[in-house]
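Colleague: Sharing start.cif here; it has mmCIF, C-alpha atoms.
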data_target
#
loop_
_atom_site.label_atom_id
_atom_site.label_comp_id
_atom_site.auth_asym_id
_atom_site.auth_seq_id
_atom_site.Cartn_x
_atom_site.Cartn_y
_atom_site.Cartn_z
CA MET A 282 -25.89 -1.44 -7.50
CA THR A 283 -23.95 -4.68 -7.27
CA PRO A 284 -25.02 -6.85 -4.36
CA LEU A 285 -22.78 -7.52 -1.41
CA SER A 286 -19.51 -8.93 -2.68
CA GLU A 287 -18.06 -12.22 -1.68
CA ILE A 288 -15.49 -11.82 1.03
CA HIS A 289 -13.15 -14.62 1.88
CA SER A 290 -12.63 -15.31 5.53
CA PRO A 291 -9.06 -15.22 6.83
CA ASN A 292 -9.16 -19.01 7.11
CA PHE A 293 -9.73 -19.49 3.39
CA HIS A 294 -7.11 -21.72 1.76
CA LEU A 295 -5.88 -22.12 -1.82
CA SER A 296 -4.45 -25.25 -3.44
CA PHE A 297 -1.23 -25.23 -5.50
CA GLU A 298 -3.22 -24.93 -8.74
CA GLU A 299 -5.56 -22.28 -7.35
CA LEU A 300 -2.69 -20.16 -6.12
CA CYS A 301 -0.98 -20.34 -9.54
CA LEU A 302 -4.25 -19.33 -11.20
CA SER A 303 -5.07 -16.53 -8.75
CA ALA A 304 -1.57 -15.05 -8.82
CA ASP A 305 -1.23 -15.60 -12.58
CA ILE A 306 2.10 -17.39 -12.21
CA SER A 307 3.51 -20.61 -13.58
CA LYS A 308 3.90 -23.80 -11.52
CA GLU A 309 7.68 -23.47 -11.83
CA CYS A 310 7.51 -19.99 -10.37
CA LEU A 311 5.49 -21.16 -7.36
CA LEU A 312 7.85 -24.09 -6.80
CA GLU A 313 10.74 -21.59 -6.67
CA LEU A 314 8.84 -19.42 -4.20
CA VAL A 315 8.16 -22.43 -1.96
CA ALA A 316 11.77 -23.63 -2.26
CA ASN A 317 12.93 -20.21 -1.06
CA ASP A 318 10.43 -20.04 1.83
CA ILE A 319 8.59 -17.10 0.30
CA ALA A 320 5.35 -19.06 -0.06
CA VAL A 321 4.89 -21.54 2.76
CA PRO A 322 2.11 -24.15 2.50
CA VAL A 323 0.16 -24.59 5.72
CA THR A 324 -0.55 -28.28 5.01
CA GLY A 325 0.57 -31.02 2.63
CA THR A 326 3.92 -32.54 1.77
CA LEU A 327 3.59 -32.83 -2.01
CA PRO A 328 2.68 -29.94 -4.35
CA GLN A 329 -0.69 -31.52 -5.23
CA GLN A 330 -1.50 -31.70 -1.50
CA TRP A 331 -0.30 -28.22 -0.60
CA GLN A 332 -2.76 -25.71 0.85
CA PHE A 333 -1.81 -22.04 1.15
CA HIS A 334 -3.36 -19.40 3.37
CA VAL A 335 -5.23 -16.79 1.30
CA THR A 336 -3.00 -14.02 2.68
CA CYS A 337 -0.08 -15.76 0.94
CA LEU A 338 -1.56 -14.65 -2.38
CA ILE A 339 -0.61 -10.99 -1.93
CA LYS A 340 2.97 -11.93 -1.04
CA VAL A 341 3.23 -14.29 -4.02
CA LYS A 342 1.95 -11.64 -6.41
CA LYS A 343 4.35 -9.08 -4.99
CA ALA A 344 7.27 -11.52 -5.29
CA ALA A 345 6.35 -12.26 -8.91
CA ARG A 346 6.22 -8.53 -9.71
CA LEU A 347 9.60 -7.87 -8.12
CA TYR A 348 11.14 -10.87 -9.89
CA ARG A 349 9.78 -9.68 -13.23
CA ASP A 350 10.37 -5.93 -12.91
CA LEU A 351 13.59 -5.73 -10.90
CA ASP A 352 15.25 -8.92 -12.06
CA ILE A 353 15.88 -10.09 -8.50
CA ASP A 354 17.14 -13.64 -7.95
CA TRP A 355 14.74 -16.10 -6.31
CA ALA A 356 17.21 -16.55 -3.47
CA ASP A 357 17.36 -12.80 -2.76
CA LEU A 358 13.62 -12.23 -3.06
CA GLY A 359 12.87 -13.52 0.44
CA LEU A 360 15.30 -11.05 1.97
CA VAL A 361 13.94 -8.18 -0.15
CA LEU A 362 10.35 -8.97 0.85
CA ASN A 363 11.25 -9.25 4.53
CA LEU A 364 13.09 -5.92 4.45
CA LEU A 365 10.20 -4.22 2.63
CA ASP A 366 7.74 -5.57 5.22
CA GLU A 367 9.99 -4.41 8.02
CA ILE A 368 10.28 -0.92 6.52
CA GLU A 369 6.50 -0.67 6.21
CA GLN A 370 6.01 -1.90 9.77
CA LEU A 371 8.56 0.58 11.16
CA LYS A 372 7.04 3.44 9.17
CA ASN A 373 3.60 2.65 10.57
CA GLU A 374 4.97 2.34 14.10
CA ASN A 375 6.88 5.60 13.74
CA SER A 376 3.81 7.39 12.47
CA GLN A 377 1.69 6.08 15.39
CA LEU A 378 4.30 7.07 17.98
CA LYS A 379 4.65 10.54 16.46
CA GLN A 380 0.91 10.98 16.69
CA GLN A 381 0.83 9.87 20.34
CA LEU A 382 3.76 12.13 21.19
CA ALA A 383 2.08 15.09 19.52
CA ARG A 384 -1.03 14.55 21.66
CA PHE A 385 1.12 14.51 24.78
CA PHE A 386 2.94 17.75 24.02
CA GLN A 387 0.01 19.69 22.55
CA MET B 766 -0.12 13.35 -28.17
CA GLU B 767 3.30 14.39 -26.96
CA PHE B 768 6.43 12.70 -28.25
CA ILE B 769 8.05 10.70 -25.45
CA ASP B 770 11.84 10.70 -25.38
CA TYR B 771 12.57 7.29 -23.88
CA TYR B 772 16.31 8.02 -23.73
CA SER B 773 15.97 11.10 -21.56
CA LEU B 774 13.37 9.29 -19.47
CA LEU B 775 15.94 6.63 -18.61
CA GLY B 776 18.67 9.27 -18.40
CA VAL B 777 20.86 7.64 -21.05
CA ASP B 778 22.48 8.85 -24.24
CA PRO B 779 20.82 7.73 -27.52
CA THR B 780 24.06 5.89 -28.31
CA ALA B 781 23.95 3.96 -25.01
CA ASP B 782 24.54 0.21 -25.27
CA ASP B 783 22.22 -2.49 -23.91
CA LYS B 784 24.15 -2.78 -20.67
CA ALA B 785 23.90 0.97 -19.92
CA ILE B 786 20.16 0.92 -20.70
CA LYS B 787 19.62 -2.07 -18.43
CA THR B 788 21.61 -0.43 -15.61
CA ALA B 789 19.64 2.82 -15.95
CA TYR B 790 16.34 0.92 -15.96
CA ARG B 791 17.24 -1.09 -12.87
CA LYS B 792 18.27 2.02 -10.98
CA LEU B 793 15.01 3.83 -11.77
CA ALA B 794 12.87 0.71 -11.33
CA ARG B 795 14.21 0.23 -7.79
CA LYS B 796 13.42 3.85 -7.05
CA TYR B 797 9.93 3.97 -8.49
CA HIS B 798 8.61 0.40 -8.26
CA PRO B 799 5.20 0.58 -6.55
CA ASP B 800 6.14 -2.34 -4.27
CA VAL B 801 9.22 -0.44 -3.09
CA SER B 802 8.11 3.19 -2.96
CA LYS B 803 4.77 4.36 -1.59
CA LEU B 804 5.28 7.99 -2.55
CA PRO B 805 2.46 9.46 -4.65
CA GLY B 806 3.02 9.35 -8.40
CA THR B 807 5.73 6.70 -8.32
CA GLU B 808 3.52 4.02 -9.86
CA GLU B 809 2.89 6.15 -12.95
CA LYS B 810 6.57 7.02 -13.12
CA PHE B 811 7.46 3.33 -12.96
CA LYS B 812 5.05 2.52 -15.79
CA GLN B 813 6.75 5.15 -17.95
CA VAL B 814 10.22 3.82 -17.10
CA ALA B 815 9.11 0.22 -17.79
CA GLU B 816 7.65 1.26 -21.12
CA ALA B 817 10.85 3.06 -22.10
CA TYR B 818 12.87 -0.04 -21.17
CA GLU B 819 10.54 -2.34 -23.06
CA VAL B 820 11.20 -0.38 -26.21
CA LEU B 821 14.91 0.32 -25.79
CA HIS B 822 16.05 -3.15 -24.71
CA SER B 823 14.48 -4.77 -27.77
CA ALA B 824 16.69 -4.29 -30.86
CA GLU B 825 13.69 -4.38 -33.18
CA LYS B 826 11.55 -1.91 -31.23
CA ARG B 827 14.51 0.36 -30.56
CA ALA B 828 15.31 0.56 -34.29
CA GLU B 829 11.70 1.47 -35.06
CA TYR B 830 11.64 4.05 -32.27
CA ASP B 831 14.99 5.53 -33.37
CA ALA B 832 13.66 5.91 -36.92
CA LEU B 833 10.60 7.77 -35.61
CA ARG B 834 12.77 9.91 -33.35
CA GLU B 835 15.09 10.76 -36.24
CA ALA B 836 12.16 11.59 -38.53
CA ARG B 837 10.64 13.79 -35.86
CA SER B 838 13.86 15.75 -35.51
CA ARG B 839 13.54 16.48 -39.24
CA GLY B 840 9.94 17.66 -38.74
CA PHE B 841 8.20 14.63 -40.26
CA ASP B 842 6.30 11.78 -38.67
CA ALA B 843 7.62 8.60 -40.23
CA HIS B 844 4.97 6.46 -38.55
CA SER B 845 1.82 8.16 -39.77
CA GLY B 846 3.32 9.85 -42.80
CA GLN B 847 2.09 13.25 -41.62
CA ALA B 848 3.80 16.41 -40.51
CA ASN B 849 4.33 16.09 -36.77
CA THR B 850 2.33 19.22 -35.99
CA ASP B 851 -0.84 17.24 -36.81
CA TYR B 852 0.39 14.08 -35.21
CA TYR B 853 0.84 15.73 -31.80
CA ALA B 854 -2.32 17.81 -31.94
CA ASP B 855 -4.08 16.42 -28.85
CA ASN B 856 -2.81 18.38 -25.89
CA ASN B 857 -5.67 17.59 -23.56
CA ALA B 858 -4.92 13.96 -22.80
CA THR B 859 -3.43 13.07 -19.47
CA ALA B 860 0.24 12.31 -19.30
CA ASN B 861 -0.38 8.66 -18.58
CA GLN B 862 -2.84 8.18 -21.39
CA ASP B 863 -0.30 9.90 -23.63
CA PHE B 864 2.18 7.21 -22.73
CA ALA B 865 -0.21 4.38 -23.56
CA ASP B 866 -1.31 6.08 -26.77
CA PHE B 867 2.24 6.88 -27.76
CA PHE B 868 3.35 3.29 -27.22
CA ASN B 869 0.36 1.92 -29.13
CA SER B 870 0.86 4.41 -31.97
CA ILE B 871 4.33 3.00 -32.60
CA PHE B 872 3.99 -0.67 -31.79
CA GLY B 873 0.30 -1.25 -32.43
CA ALA B 874 -2.62 -1.66 -30.11
CA THR B 875 -1.51 -5.10 -28.97
CA GLY B 876 1.80 -3.76 -27.76
CA SER B 877 0.57 -3.43 -24.21
CA ARG B 878 -0.80 -6.92 -24.18
CA ASN B 879 2.45 -8.25 -25.53
CA ARG B 880 4.07 -7.06 -22.35
CA GLN B 881 2.03 -9.63 -20.51
CA GLN B 882 3.32 -12.34 -22.80
CA HIS B 883 6.86 -11.43 -21.86
CA ARG B 884 6.22 -12.32 -18.25
CA PRO B 885 8.00 -15.54 -17.42
CA GLU B 886 5.27 -16.24 -14.86
CA THR B 887 2.25 -15.73 -17.08
CA ARG B 888 0.10 -18.78 -16.84
CA TYR B 889 -2.00 -18.42 -19.94
CA GLU B 890 -0.05 -19.00 -23.12
CA ASP B 891 -2.88 -17.83 -25.34
CA VAL B 892 -2.99 -14.03 -25.36
CA ASN B 893 -6.77 -14.22 -25.81
CA GLN B 894 -7.10 -16.14 -22.53
CA ILE B 895 -5.67 -13.71 -20.01
CA LYS B 896 -7.17 -13.54 -16.53
CA GLY B 897 -8.28 -10.04 -15.59
CA ASP B 898 -5.86 -8.06 -13.48
CA ASP B 899 -6.32 -7.94 -9.74
CA VAL B 900 -6.70 -4.49 -8.30
CA GLU B 901 -5.27 -3.39 -4.97
CA LEU B 902 -6.85 -0.37 -3.33
CA GLU B 903 -6.46 1.36 0.00
CA TRP B 904 -9.76 1.90 1.79
CA PRO B 905 -9.89 4.58 4.49
CA ILE B 906 -12.45 3.79 7.19
CA MET B 907 -13.36 5.38 10.52
CA LEU B 908 -12.37 3.75 13.79
CA GLU B 909 -16.06 3.59 14.71
CA ASP B 910 -16.69 1.37 11.65
CA THR B 911 -14.58 -1.41 13.19
CA LEU B 912 -16.60 -1.74 16.40
CA ALA B 913 -19.27 -4.00 14.86
CA ASP B 914 -19.96 -5.63 11.48
CA THR B 915 -20.71 -2.72 9.14
CA THR B 916 -21.63 -2.45 5.48
CA LYS B 917 -20.29 0.52 3.53
CA GLN B 918 -20.41 1.55 -0.09
CA ILE B 919 -17.19 1.92 -2.06
CA GLU B 920 -16.76 3.34 -5.55
CA PHE B 921 -13.67 3.02 -7.71
CA ILE B 922 -12.53 3.02 -11.32
CA ILE B 923 -10.60 0.07 -12.77
CA PRO B 924 -8.41 0.70 -15.81
CA PHE B 925 -7.87 -2.35 -18.04
CA TYR B 926 -6.79 -3.27 -21.55
CA ASP B 927 -9.47 -4.72 -23.82
CA HIS B 928 -8.84 -7.64 -26.18
CA GLN B 929 -7.50 -5.22 -28.78
CA GLY B 930 -5.02 -3.74 -26.35
CA TYR B 931 -6.77 -0.39 -25.88
CA GLN B 932 -7.04 1.04 -22.40
CA GLN B 933 -10.58 1.16 -21.05
CA LYS B 934 -12.09 2.08 -17.70
CA ILE B 935 -14.92 0.52 -15.73
CA LYS B 936 -16.63 2.15 -12.76
CA LYS B 937 -17.65 -0.07 -9.86
CA SER B 938 -19.95 0.65 -6.97
CA LEU B 939 -20.10 -2.06 -4.32
CA ASN B 940 -21.52 -2.63 -0.88
CA VAL B 941 -18.79 -4.17 1.20
CA LYS B 942 -19.02 -5.72 4.62
CA ILE B 943 -16.40 -4.54 7.08
CA PRO B 944 -15.92 -7.32 9.64
CA ALA B 945 -15.88 -6.20 13.27
CA GLY B 946 -12.35 -5.89 14.63
CA VAL B 947 -10.66 -5.38 11.27
CA SER B 948 -7.34 -3.61 11.77
CA ASP B 949 -5.16 -1.23 9.81
CA GLY B 950 -3.35 -3.00 6.95
CA GLU B 951 -5.73 -5.99 6.80
CA ARG B 952 -7.09 -6.89 3.38
CA ILE B 953 -10.58 -7.73 2.17
CA ARG B 954 -10.82 -9.76 -1.02
CA LEU B 955 -13.69 -9.11 -3.41
CA LYS B 956 -13.65 -12.08 -5.73
CA GLY B 957 -14.26 -11.40 -9.41
CA GLN B 958 -14.64 -7.63 -9.00
CA GLY B 959 -11.32 -6.71 -10.63
CA ALA B 960 -10.53 -6.06 -14.29
CA PRO B 961 -12.45 -8.26 -16.78
CA GLY B 962 -10.62 -11.29 -18.20
CA HIS B 963 -10.05 -11.91 -21.89
CA GLY B 964 -11.89 -14.87 -23.38
CA ASN B 965 -13.45 -17.41 -21.07
CA VAL B 966 -11.18 -16.77 -18.09
CA PRO B 967 -12.38 -15.08 -14.90
CA SER B 968 -12.15 -11.44 -13.95
CA GLY B 969 -9.49 -10.42 -11.49
CA ASP B 970 -10.16 -9.78 -7.82
CA VAL B 971 -10.13 -6.57 -5.79
CA TYR B 972 -8.06 -6.40 -2.63
CA LEU B 973 -9.02 -3.62 -0.28
CA THR B 974 -6.33 -2.71 2.21
CA ILE B 975 -7.94 -1.24 5.31
CA ARG B 976 -6.52 2.12 6.37
CA LEU B 977 -7.83 3.52 9.64
CA ILE B 978 -8.40 7.26 9.47
CA PRO B 979 -6.62 8.85 12.46
CA HIS B 980 -9.17 9.60 15.19
CA PRO B 981 -9.11 13.08 16.76
CA LEU B 982 -8.89 11.61 20.28
CA PHE B 983 -8.07 7.89 20.20
CA ASP B 984 -4.96 6.05 19.00
CA VAL B 985 -4.81 2.33 18.25
CA GLU B 986 -2.16 -0.06 19.57
CA ALA B 987 -3.00 -3.63 18.48
CA ASN B 988 -6.55 -4.10 19.88
CA ASN B 989 -6.09 -1.48 22.55
CA LEU B 990 -7.48 2.03 22.39
CA LEU B 991 -5.20 4.75 23.72
CA LEU B 992 -6.60 8.01 25.02
CA THR B 993 -4.40 10.87 26.19
CA LEU B 994 -6.19 12.15 29.31
CA PRO B 995 -5.39 15.74 30.36
CA LEU B 996 -5.48 16.39 34.13
CA ALA B 997 -5.09 19.51 36.23
CA PRO B 998 -2.16 19.19 38.70
CA TRP B 999 -4.55 19.00 41.68
CA GLU B 1000 -6.58 16.24 39.96
CA ALA B 1001 -3.37 14.22 39.59
CA ALA B 1002 -2.40 14.96 43.22
CA LEU B 1003 -5.73 14.35 44.91
CA GLY B 1004 -7.39 11.90 42.50
CA THR B 1005 -10.73 12.28 40.78
CA LYS B 1006 -13.34 10.52 38.63
CA ILE B 1007 -13.66 11.38 34.96
CA ILE B 1008 -16.15 10.36 32.28
CA LEU B 1009 -14.23 9.51 29.13
CA PRO B 1010 -15.32 10.73 25.69
CA PRO B 1011 -17.42 8.00 24.09
CA LEU B 1012 -16.36 5.78 21.21
CA SER B 1013 -18.73 2.90 21.89
CA GLY B 1014 -20.27 3.83 25.24
CA LYS B 1015 -20.02 5.88 28.43
CA ILE B 1016 -17.06 4.92 30.62
CA GLN B 1017 -16.08 6.43 33.97
CA ILE B 1018 -12.50 6.12 35.13
CA ALA B 1019 -11.07 6.69 38.62
CA ILE B 1020 -7.83 8.64 38.76
CA PRO B 1021 -5.93 7.62 41.90
CA ALA B 1022 -4.24 10.20 44.10
CA ASN B 1023 -0.54 10.85 43.36
CA SER B 1024 -0.89 10.00 39.66
CA GLN B 1025 2.09 10.76 37.43
CA ALA B 1026 2.32 12.19 33.93
CA GLY B 1027 2.65 9.36 31.40
CA GLN B 1028 1.03 6.85 33.78
CA ARG B 1029 -1.28 4.40 32.00
CA LEU B 1030 -4.63 3.41 33.47
CA ARG B 1031 -6.21 0.36 31.89
CA VAL B 1032 -9.94 -0.33 31.54
CA LYS B 1033 -10.18 -4.02 30.70
CA GLY B 1034 -12.22 -5.12 27.69
CA LYS B 1035 -13.21 -1.63 26.58
CA GLY B 1036 -10.88 -1.46 23.59
CA LEU B 1037 -11.46 -2.67 20.05
CA VAL B 1038 -13.13 -5.93 19.13
CA GLY B 1039 -10.40 -8.52 18.45
CA LYS B 1040 -10.33 -11.86 16.67
CA LYS B 1041 -10.28 -13.70 20.00
CA SER B 1042 -11.08 -11.10 22.64
CA CYS B 1043 -11.65 -7.40 23.14
CA GLY B 1044 -8.70 -5.12 23.72
CA ASP B 1045 -8.41 -2.64 26.58
CA LEU B 1046 -8.94 1.08 26.81
CA ILE B 1047 -5.77 2.71 28.09
CA ALA B 1048 -5.81 6.26 29.44
CA VAL B 1049 -2.40 7.93 29.29
CA LEU B 1050 -2.25 10.70 31.87
CA LYS B 1051 -1.05 14.13 30.83
CA ILE B 1052 -0.73 16.84 33.50
CA VAL B 1053 -1.58 20.30 32.21
CA MET B 1054 -0.76 23.53 34.03
CA PRO B 1055 -3.33 26.33 33.90
CA PRO B 1056 -2.23 28.82 31.21
CA THR B 1057 -2.35 31.78 33.64
CA LEU B 1058 -2.36 32.11 37.43
CA ASN B 1059 -4.32 34.71 39.36
CA ASP B 1060 -3.07 36.15 42.67
CA SER B 1061 -4.93 33.71 44.89
CA SER B 1062 -3.64 30.74 42.86
CA LYS B 1063 -0.09 32.07 43.10
CA LEU B 1064 -0.44 32.31 46.86
CA LEU B 1065 -1.62 28.71 47.10
CA TRP B 1066 1.27 27.47 44.91
CA ALA B 1067 3.72 29.49 47.06
CA GLN B 1068 2.34 27.85 50.23
CA LEU B 1069 2.75 24.45 48.63
CA ALA B 1070 6.33 25.25 47.60
CA GLU B 1071 7.20 26.30 51.15
CA ASN B 1072 5.73 23.23 52.77
CA ALA B 1073 6.66 20.53 50.24
CA SER B 1074 9.99 18.77 50.52
CA PHE B 1075 9.75 17.38 46.99
CA ASP B 1076 12.80 17.79 44.72
CA PRO B 1077 12.06 16.61 41.14
CA ARG B 1078 15.81 16.89 40.28
CA ARG B 1079 17.15 14.83 43.15
CA GLU B 1080 18.80 12.36 40.74
CA TRP B 1081 20.98 15.17 39.35
CA ASN B 1082 22.69 15.47 42.73
CA ASN B 1083 23.32 11.73 43.01
CA PRO B 1084 24.31 10.61 39.50
CA SER B 1085 24.91 6.88 39.41
#
Hey, can you dump this file as structure tokens for me?
Modeller:
Amino acid sequence: MTPLSEIHSPNFHLSFEELCLSADISKECLLELVANDIAVPVTGTLPQQWQFHVTCLIKVKKAARLYRDLDIDWADLGLVLNLLDEIEQLKNENSQLKQQLARFFQ
Amino acid sequence: MEFIDYYSLLGVDPTADDKAIKTAYRKLARKYHPDVSKLPGTEEKFKQVAEAYEVLHSAEKRAEYDALREARSRGFDAHSGQANTDYYADNNATANQDFADFFNSIFGATGSRNRQQHRPETRYEDVNQIKGDDVELEWPIMLEDTLADTTKQIEFIIPFYDHQGYQQKIKKSLNVKIPAGVSDGERIRLKGQGAPGHGNVPSGDVYLTIRLIPHPLFDVEANNLLLTLPLAPWEAALGTKIILPPLSGKIQIAIPANSQAGQRLRVKGKGLVGKKSCGDLIAVLKIVMPPTLNDSSKLLWAQLAENASFDPRREWNNPS
């Protein structure tokens, strides 16, 4: 059996290059994502100084997939991602409240 | 292998122009894209739609596909040069594998890999130097597993395309540490445990999204644990002490007299472990009437009704 896998702590950061490599996207793509506030560096003013939170990786990969598969403009991607997040959050909240309500009326 | 009719899959006529094909693809892609829809089976459906679009929006591939389609309608397989009864002999393959096989049978084994080259974002220009795909999985865990650092085994199968473009599968079995206080929706990254890379580039990563299995008694609200606490009417009226069902330890709670249904009683620091501090345990009071009343109980309730001046519908008489 494979030994215990490496788990990155929530405070793990990725540089501009590392994020491009991990998300399998071009530098131009990441620059567009930053310009449209989809990927927000936590530190640094220039691309070579930028550091991104590791959780940003999932969002960047999702944005790249939507851009590629649905042909969504960079400018609209932020709105689409926010709305998708909001839908997921509301669905989870709705499901939790339904469960609590069911316990109360059982 | 079953013949795949890409036109009917996209819901377009075989004479449809590029614009109609693109419109049909976009409509279906928005419906079935795995980042948009979480319904079961939509990811596979999206792959099929994407494959159909990949063929039909390329003039070259569409012409080749149309020739095969035309030959098939005449009972001959133009691609392999055999009668199509032999060509479609394998009926046991899964629908998804059929799609991959069907695509590869027309456009060659590297067809699937070529799709990666079409990505405007792809970092590696050399098709032999493609980083392995990341894999995102949902991992159901018990609420009890989040109370302290726990190690659990997880097994999963990763599908990937080898350097020749054929689909392969690799089975993984890993021991993964669940950090205390992890919450529903949080992700754990397992570096290098995803699909193998091509050439000298690294394997992809695995992202496990934590999904808390609903507990039979407790609900979770941020770091707080919610417990619906059933009370008899006299317990709510007179107050009592109750030992709560254990999740991490024995807790006794005092129910004050004159408690109301829906009232929340908070036990500080007895909730879930948080990043900074522990949450609270919150008991939500639920008043339950006995299912049946015997004669002596009825008499006692009647005495109470005669002596009590309580009107639960007083607000109806004084609407504001």
Colleague: When distances are computed from all atoms listed in the file, which of A:His334, A:Lys372, A:Arg384, A:His294 shows the smallest separation from Pro981 in chain B?
Modeller: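 Once distances to Pro981 in chain B are computed over all atoms listed in the file, the minimum belongs to A:Arg384.
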Colleague: Using the chain letters and numbers from the file, give me the residues hit by the PyMOL selection byres ((chain B) within 9 of (chain A)), as number ranges by chain.
Modeller: B: 790-791, 794-795, 798, 800-801, 815, 884-889, 895-896, 898-899, 916, 937-942, 952-958, 969-970, 972, 979, 982, 984-986, 991-995, 1027, 1049-1051
Colleague: Taking 5 positions as the minimum chain separation for residues in the same chain, which residues sit within 8 Å of range 944-946 of chain B when counting only C-alpha atoms? Answer as a PDB file with C-alpha atoms, in the frame of the given file.
Modeller:
ATOM      1  CA  ASP B 910     -16.690   1.370  11.650  1.00  0.00           C
ATOM      2  CA  THR B 911     -14.580  -1.410  13.190  1.00  0.00           C
ATOM      3  CA  LEU B 912     -16.600  -1.740  16.400  1.00  0.00           C
ATOM      4  CA  ALA B 913     -19.270  -4.000  14.860  1.00  0.00           C
ATOM      5  CA  ASP B 914     -19.960  -5.630  11.480  1.00  0.00           C
ATOM      6  CA  THR B 915     -20.710  -2.720   9.140  1.00  0.00           C
ATOM      7  CA  LEU B1037     -11.460  -2.670  20.050  1.00  0.00           C
ATOM      8  CA  VAL B1038     -13.130  -5.930  19.130  1.00  0.00           C
ATOM      9  CA  GLY B1039     -10.400  -8.520  18.450  1.00  0.00           C
ATOM     10  CA  LYS B1040     -10.330 -11.860  16.670  1.00  0.00           C
TER      11      LYS B1040
END
Colleague: What does the distance from CA of Asp318 in chain A to CA of Phe333 in chain A come to in Å, to one decimal?
Modeller: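 Between these atoms lies a distance of 12.4 Å.
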Colleague: Provide the CA of Leu973 in chain B to CA of Ile906 in chain B distance in Å, to one decimal place.
Modeller: 11.1 Å
Colleague: Calculate how many Å separate CA of Trp355 in chain A from CA of Glu313 in chain A, rounding to one decimal.
Modeller: 6.8 Å
Colleague: Name the residues that the PyMOL selection byres ((chain A and resi 332) around 9) picks from the file above, as a PyMOL selection string, using the file's chain letters and numbers.
Modeller: chain A and resi 294-297+300+321-325+328-331+333-334
Colleague: So, counting all atoms listed in the file, which residue among A:Asn375, A:Phe293, A:Ile353, A:Leu360 is closest to Cys337 in chain A?
Modeller: A:Phe293
Colleague: Which residue out of B:Phe768, B:Phe1075, B:Trp1081, B:Trp999 has the minimum interatomic distance to Val1053 in chain B when only C-alpha atoms are used?
Modeller: B:Trp999
Colleague: Provide range 301-315 of chain A rebuilt to N, CA and C atoms, formatted as an mmCIF file, keeping the file's coordinate frame.
Modeller:
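Done, and the output landed in part-v4.cif:
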data_model
loop_
_atom_site.group_PDB
_atom_site.id
_atom_site.type_symbol
_atom_site.label_atom_id
_atom_site.label_comp_id
_atom_site.auth_asym_id
_atom_site.auth_seq_id
_atom_site.Cartn_x
_atom_site.Cartn_y
_atom_site.Cartn_z
ATOM 1 N N CYS A 301 -1.592 -20.679 -8.246
ATOM 2 C CA CYS A 301 -0.980 -20.340 -9.540
ATOM 3 C C CYS A 301 -1.972 -19.535 -10.385
ATOM 4 N N LEU A 302 -3.221 -19.985 -10.397
ATOM 5 C CA LEU A 302 -4.250 -19.330 -11.200
ATOM 6 C C LEU A 302 -4.553 -17.929 -10.666
ATOM 7 N N SER A 303 -4.718 -17.823 -9.343
ATOM 8 C CA SER A 303 -5.070 -16.530 -8.750
ATOM 9 C C SER A 303 -3.947 -15.523 -8.882
ATOM 10 N N ALA A 304 -2.710 -15.981 -8.749
ATOM 11 C CA ALA A 304 -1.570 -15.050 -8.820
ATOM 12 C C ALA A 304 -1.076 -14.873 -10.246
ATOM 13 N N ASP A 305 -1.638 -15.657 -11.178
ATOM 14 C CA ASP A 305 -1.230 -15.600 -12.580
ATOM 15 C C ASP A 305 0.258 -15.897 -12.742
ATOM 16 N N ILE A 306 0.693 -16.978 -12.109
ATOM 17 C CA ILE A 306 2.100 -17.390 -12.210
ATOM 18 C C ILE A 306 2.175 -18.849 -12.645
ATOM 19 N N SER A 307 3.338 -19.227 -13.135
ATOM 20 C CA SER A 307 3.510 -20.610 -13.580
ATOM 21 C C SER A 307 3.772 -21.518 -12.372
ATOM 22 N N LYS A 308 3.637 -22.833 -12.588
ATOM 23 C CA LYS A 308 3.900 -23.800 -11.520
ATOM 24 C C LYS A 308 5.372 -23.736 -11.113
ATOM 25 N N GLU A 309 6.240 -23.545 -12.111
ATOM 26 C CA GLU A 309 7.680 -23.470 -11.830
ATOM 27 C C GLU A 309 7.993 -22.297 -10.906
ATOM 28 N N CYS A 310 7.301 -21.194 -11.177
ATOM 29 C CA CYS A 310 7.510 -19.990 -10.370
ATOM 30 C C CYS A 310 7.109 -20.246 -8.912
ATOM 31 N N LEU A 311 5.948 -20.894 -8.729
ATOM 32 C CA LEU A 311 5.490 -21.160 -7.360
ATOM 33 C C LEU A 311 6.407 -22.152 -6.659
ATOM 34 N N LEU A 312 6.912 -23.127 -7.403
ATOM 35 C CA LEU A 312 7.850 -24.090 -6.800
ATOM 36 C C LEU A 312 9.107 -23.366 -6.305
ATOM 37 N N GLU A 313 9.576 -22.380 -7.091
ATOM 38 C CA GLU A 313 10.740 -21.590 -6.670
ATOM 39 C C GLU A 313 10.418 -20.795 -5.403
ATOM 40 N N LEU A 314 9.226 -20.224 -5.366
ATOM 41 C CA LEU A 314 8.840 -19.420 -4.200
ATOM 42 C C LEU A 314 8.747 -20.283 -2.937
ATOM 43 N N VAL A 315 8.244 -21.509 -3.105
ATOM 44 C CA VAL A 315 8.160 -22.430 -1.960
ATOM 45 C C VAL A 315 9.565 -22.876 -1.553
#
